[in-house]
Number of protein chains: 2
Amino acid sequence: MKALEEKILKDGQVRPGHILKVDNFLNHQMDIAFINEIGKEFYRLFGDRPINKILTIEASGIGIACITAQYFNNVPVVFAKKAQSLNLDGSLYITQVKSYTHGGTKNVIMSKKFLSADDHVLIIDDFLANGCAVNGLLDIINEAGATLEGVGIVIEKGFQDGGKELRARGIDVKSLAIVKSMTDTDIEFEEQDD
Amino acid sequence: MKALEEKILKDGQVRPGHILKVDNFLNHQMDIAFINEIGKEFYRLFGDRPINKILTIEASGIGIACITAQYFNNVPVVFAKKAQSLNLDGSLYITQVKSYTHGGTKNVIMSKKFLSADDHVLIIDDFLANGCAVNGLLDIINEAGATLEGVGIVIEKGFQDGGKELRARGIDVKSLAIVKSMTDTDIEFEEQDD
């Protein structure tokens with residue numbers, strides 16, 4: 001998505017530790033008009049699938065998923081929660097997700113009543129690097145017996161292995177921008193087909 | 001908002017400890033068409049103010065704020081983060097917020113670059129009970145010297161003191177539904193003017 005690459009070049013900042021900060025439009029301050037363009041693009045890429053639910057994980061994925069759902073006939077969005085505790089009532093899907101940003105492993109939970117074998121799911125998230133968050137959501141989808149229709153990512157760090165590993169398993173991951181390499185002064189993107 | 005009261009009566013569940021679960025449409029699974037109705041209603045209530053930014057706090061407020069922003073000419077949404085650590089770079093607004101759901105106190109942070117004395121802010125959140133989250137956001141707005149234009153809440157627990165205390169300080173809090181009392185079998189709402 002050309003407009004996204006241009007926005008990353010204009011507004012993104014590279015920080016030590018392979019951190020790409022896009023917090024002025026994507027995951028702290030959110031540019032709502034631009035995120036609508038992102039939602040439209042996800043619909044262009046996945047709109048032919050029988051998607052009836054969008055899945056994401058708190059926190060940064062939620063707003064993007066909600067805006068995107070509007071282009072998918074307002075399908076419900078369900079967001080997995082990073083559990084502070086496991087005392088939510090009812091029966092839960094529980095999986096562990098490693099966090100590279102914060103360190104350690106977190107329980108990620110989703111109420112069983114919101115995902116079943118009847119569901120056809122699109123996963124949406126802001127970033128894909130090591131793939132930990134997406135793999136956590138895939139665990140939940142598998143446990144539910146739901147059908148994965150695709151994974152839509154705003155920015156993939158192509159120099160980390162998450163995307164490659166998912167695609168090697170036959171999972172249809174589409175990232176609107178794939179960063180091939182980045183330095184303090186330059187960000188390069190992988191060329192993608194339309 | 002009559003449609004919201006009806007939805008709470010139909011889909012909400014009261015649990016021990018004065019917990020009102022509305023996780024099937026508001027804060028775990030999200031009913032996107034209905035949240036658009038909520039966004040429209042916030043615009044009806046606050047649309048005459050010179051709002052240029054919507055503020056919320058992760059996680060459940062984010063989706064509601066993003067959908068609502070679309071009715072406010074796509075003003076940016078900024079969400080305060082519950083900090084795992086305080087090693088975000090740059091200068092931050094930091095405040096403490098008590099959590100009654102999870103226990104303890106959390107640091108809540110926001111990058112200073114996203115809020116300044118020029119901003120006219122609408123706070124949006126899903127619930128108001130003791131008012132801890134809203135008070136944390138007010139601390140940040142005060143520190144920034146920004147102007148608060150109003151506080152829009154989806155569901156207020158009127159039998160707790162957060163809303164009363166905020167209104168007593170002259171803050172314009174509008175809640176789309178105010179629960180006056182609730183038991184296992186019944187939920188009563190406060191009557192509100194249009």
# chains A, B, ... in the order shown; residues from 1 in each chain; ligands from 1
>>> closest_atom_pairs(of="chain A", to="chain B", cutoff="10 Å", atoms="only C-alpha atoms", output="Markdown table")
| residue | atom | partner | partner_atom | distance |
| --- | --- | --- | --- | --- |
| A:Arg15 | CA | B:Asp89 | CA | 9.2 |
| A:Asp23 | CA | B:Ser111 | CA | 9.1 |
| A:Asn24 | CA | B:Phe114 | CA | 7.7 |
| A:Phe25 | CA | B:Pro76 | CA | 8.3 |
| A:Leu26 | CA | B:Val78 | CA | 9.8 |
| A:Asn27 | CA | B:Phe79 | CA | 8.4 |
| A:His28 | CA | B:Val78 | CA | 5.7 |
| A:Gln29 | CA | B:Val78 | CA | 4.2 |
| A:Met30 | CA | B:Val77 | CA | 5.1 |
| A:Asp31 | CA | B:Pro76 | CA | 5.2 |
| A:Ile32 | CA | B:Asn74 | CA | 5.5 |
| A:Ala33 | CA | B:Asn74 | CA | 5.8 |
| A:Phe34 | CA | B:Asn74 | CA | 9.3 |
| A:Ile35 | CA | B:Cys66 | CA | 9.4 |
| A:Asn36 | CA | B:Gln70 | CA | 9.4 |
| A:Lys53 | CA | B:Gln29 | CA | 9.6 |
| A:Ile54 | CA | B:Gln29 | CA | 9.6 |
| A:Leu55 | CA | B:Gln29 | CA | 9.2 |
| A:Ile57 | CA | B:Ala59 | CA | 9.8 |
| A:Glu58 | CA | B:Ala59 | CA | 6.2 |
| A:Ala59 | CA | B:Ala59 | CA | 5.3 |
| A:Ser60 | CA | B:Ala59 | CA | 8.3 |
| A:Gly61 | CA | B:Gly63 | CA | 9.2 |
| A:Ile62 | CA | B:Gly63 | CA | 5.7 |
| A:Gly63 | CA | B:Gly63 | CA | 4.5 |
| A:Ile64 | CA | B:Gly63 | CA | 8.0 |
| A:Ala65 | CA | B:Gly63 | CA | 8.1 |
| A:Cys66 | CA | B:Gly63 | CA | 5.8 |
| A:Ile67 | CA | B:Ile67 | CA | 6.7 |
| A:Thr68 | CA | B:Ile32 | CA | 9.9 |
| A:Ala69 | CA | B:Ile32 | CA | 7.1 |
| A:Gln70 | CA | B:Ile32 | CA | 7.0 |
| A:Asn73 | CA | B:Ala33 | CA | 8.8 |
| A:Asn74 | CA | B:Ile32 | CA | 5.5 |
| A:Val75 | CA | B:Ile32 | CA | 7.0 |
| A:Pro76 | CA | B:Asp31 | CA | 5.2 |
| A:Val77 | CA | B:Met30 | CA | 5.1 |
| A:Val78 | CA | B:Gln29 | CA | 4.2 |
| A:Phe79 | CA | B:His28 | CA | 5.7 |
| A:Ala80 | CA | B:His28 | CA | 7.4 |
| A:Lys81 | CA | B:His28 | CA | 8.0 |
| A:Lys82 | CA | B:Ala59 | CA | 9.8 |
| A:Ala83 | CA | B:His102 | CA | 9.5 |
| A:Gln84 | CA | B:His102 | CA | 6.6 |
| A:Ser85 | CA | B:His102 | CA | 7.1 |
| A:Asn87 | CA | B:His102 | CA | 9.4 |
| A:Asp89 | CA | B:Arg15 | CA | 9.2 |
| A:Thr101 | CA | B:Gln84 | CA | 9.5 |
| A:His102 | CA | B:Gln84 | CA | 6.5 |
| A:Gly103 | CA | B:Gln84 | CA | 9.3 |
| A:Met110 | CA | B:His28 | CA | 8.1 |
| A:Ser111 | CA | B:His28 | CA | 8.2 |
| A:Lys113 | CA | B:Asn24 | CA | 8.7 |
| A:Phe114 | CA | B:Gln29 | CA | 6.8 |
| A:Leu115 | CA | B:Gln29 | CA | 9.7 |
>>> residues_around(residues="stretch 150-154 of chain A", least_positions_apart="2", cutoff="8 Å", atoms="only C-alpha atoms", output="PyMOL selection string")
chain A and resi 38+42+46+121-128+148+156+171-177
>>> select_by_dssp(residues="stretch 34-182 of chain B", states="alpha helix (DSSP H)", output="VMD selection string")
chain B and resid 34 to 46 60 to 69 132 to 144 162 to 168
>>> write_last_selection(atoms="N, CA and C atoms", output="compact mmCIF listing (two decimals), in the first residue's frame")
# COMPACT_ATOMS: atom_id res chain seq x y z
N PHE B 34 -23.81 -1.18 16.20
CA PHE B 34 -24.36 -0.53 17.39
C PHE B 34 -23.41 0.55 17.93
N ILE B 35 -22.12 0.27 17.86
CA ILE B 35 -21.15 1.28 18.35
C ILE B 35 -21.17 2.51 17.44
N ASN B 36 -21.54 2.33 16.18
CA ASN B 36 -21.77 3.51 15.34
C ASN B 36 -22.95 4.33 15.86
N GLU B 37 -23.99 3.68 16.34
CA GLU B 37 -25.12 4.42 16.92
C GLU B 37 -24.67 5.20 18.16
N ILE B 38 -23.79 4.57 18.94
CA ILE B 38 -23.22 5.24 20.12
C ILE B 38 -22.40 6.46 19.69
N GLY B 39 -21.61 6.30 18.65
CA GLY B 39 -20.80 7.42 18.15
C GLY B 39 -21.67 8.59 17.69
N LYS B 40 -22.76 8.25 16.99
CA LYS B 40 -23.70 9.29 16.53
C LYS B 40 -24.31 10.04 17.71
N GLU B 41 -24.63 9.27 18.77
CA GLU B 41 -25.26 9.88 19.95
C GLU B 41 -24.26 10.80 20.65
N PHE B 42 -23.00 10.40 20.75
CA PHE B 42 -22.00 11.30 21.33
C PHE B 42 -21.90 12.58 20.49
N TYR B 43 -22.00 12.44 19.18
CA TYR B 43 -21.95 13.63 18.34
C TYR B 43 -23.17 14.53 18.58
N ARG B 44 -24.32 13.91 18.77
CA ARG B 44 -25.52 14.71 19.06
C ARG B 44 -25.33 15.50 20.36
N LEU B 45 -24.65 14.88 21.33
CA LEU B 45 -24.49 15.50 22.64
C LEU B 45 -23.35 16.53 22.69
N PHE B 46 -22.30 16.29 21.93
CA PHE B 46 -21.09 17.13 22.06
C PHE B 46 -20.68 17.80 20.74
N SER B 60 -10.56 -1.07 26.45
CA SER B 60 -11.93 -1.12 25.91
C SER B 60 -12.41 0.20 25.33
N GLY B 61 -11.81 1.32 25.71
CA GLY B 61 -12.26 2.58 25.16
C GLY B 61 -11.84 2.83 23.72
N ILE B 62 -10.82 2.12 23.27
CA ILE B 62 -10.19 2.48 21.99
C ILE B 62 -11.14 2.35 20.80
N GLY B 63 -11.80 1.20 20.71
CA GLY B 63 -12.67 0.98 19.56
C GLY B 63 -13.83 1.97 19.54
N ILE B 64 -14.41 2.21 20.69
CA ILE B 64 -15.53 3.15 20.79
C ILE B 64 -15.06 4.56 20.39
N ALA B 65 -13.89 4.94 20.86
CA ALA B 65 -13.35 6.27 20.52
C ALA B 65 -13.09 6.39 19.02
N CYS B 66 -12.55 5.34 18.42
CA CYS B 66 -12.24 5.40 16.98
C CYS B 66 -13.50 5.53 16.14
N ILE B 67 -14.51 4.74 16.47
CA ILE B 67 -15.78 4.83 15.72
C ILE B 67 -16.40 6.22 15.94
N THR B 68 -16.37 6.69 17.18
CA THR B 68 -16.95 8.00 17.50
C THR B 68 -16.24 9.12 16.74
N ALA B 69 -14.94 9.04 16.64
CA ALA B 69 -14.16 10.10 15.99
C ALA B 69 -14.62 10.35 14.56
N CYS B 132 -11.94 6.45 38.37
CA CYS B 132 -10.47 6.44 38.40
C CYS B 132 -9.84 6.70 37.03
N ALA B 133 -10.37 6.05 36.01
CA ALA B 133 -9.78 6.20 34.68
C ALA B 133 -9.96 7.64 34.19
N VAL B 134 -11.18 8.17 34.34
CA VAL B 134 -11.42 9.55 33.89
C VAL B 134 -10.55 10.52 34.67
N ASN B 135 -10.42 10.31 35.98
CA ASN B 135 -9.57 11.22 36.76
C ASN B 135 -8.12 11.16 36.30
N GLY B 136 -7.65 9.99 35.92
CA GLY B 136 -6.29 9.89 35.37
C GLY B 136 -6.14 10.70 34.10
N LEU B 137 -7.15 10.61 33.22
CA LEU B 137 -7.09 11.38 31.97
C LEU B 137 -7.20 12.88 32.26
N LEU B 138 -7.98 13.26 33.26
CA LEU B 138 -8.07 14.68 33.63
C LEU B 138 -6.73 15.20 34.14
N ASP B 139 -6.02 14.39 34.91
CA ASP B 139 -4.67 14.78 35.36
C ASP B 139 -3.79 15.13 34.16
N ILE B 140 -3.87 14.26 33.15
CA ILE B 140 -3.03 14.46 31.95
C ILE B 140 -3.45 15.72 31.22
N ILE B 141 -4.77 15.92 31.07
CA ILE B 141 -5.27 17.13 30.38
C ILE B 141 -4.83 18.38 31.13
N ASN B 142 -4.92 18.36 32.46
CA ASN B 142 -4.48 19.51 33.26
C ASN B 142 -3.01 19.78 33.10
N GLU B 143 -2.22 18.70 33.16
CA GLU B 143 -0.77 18.88 33.03
C GLU B 143 -0.42 19.47 31.66
N ALA B 144 -1.19 19.06 30.64
CA ALA B 144 -0.93 19.57 29.28
C ALA B 144 -1.44 21.00 29.10
N GLY B 162 -18.29 8.03 41.06
CA GLY B 162 -17.44 8.71 40.09
C GLY B 162 -18.15 9.84 39.35
N GLY B 163 -19.31 9.55 38.79
CA GLY B 163 -20.04 10.54 38.01
C GLY B 163 -20.46 11.73 38.85
N LYS B 164 -21.01 11.45 40.03
CA LYS B 164 -21.45 12.53 40.94
C LYS B 164 -20.29 13.47 41.27
N GLU B 165 -19.15 12.89 41.63
CA GLU B 165 -17.99 13.71 42.02
C GLU B 165 -17.49 14.57 40.86
N LEU B 166 -17.46 13.98 39.67
CA LEU B 166 -17.00 14.76 38.51
C LEU B 166 -17.96 15.92 38.24
N ARG B 167 -19.26 15.64 38.27
CA ARG B 167 -20.25 16.70 37.99
C ARG B 167 -20.19 17.79 39.06
N ALA B 168 -19.93 17.38 40.31
CA ALA B 168 -19.83 18.36 41.40
C ALA B 168 -18.65 19.31 41.18
>>> select_by_dssp(residues="stretch 92-163 of chain B", states="strand (DSSP E)", output="number ranges by chain")
B: 92-98, 105-111, 120-128, 147-157
>>> atom_distance(atom1="atom CA of B:Ala117", atom2="atom CA of B:Gly145")
4.5 Å
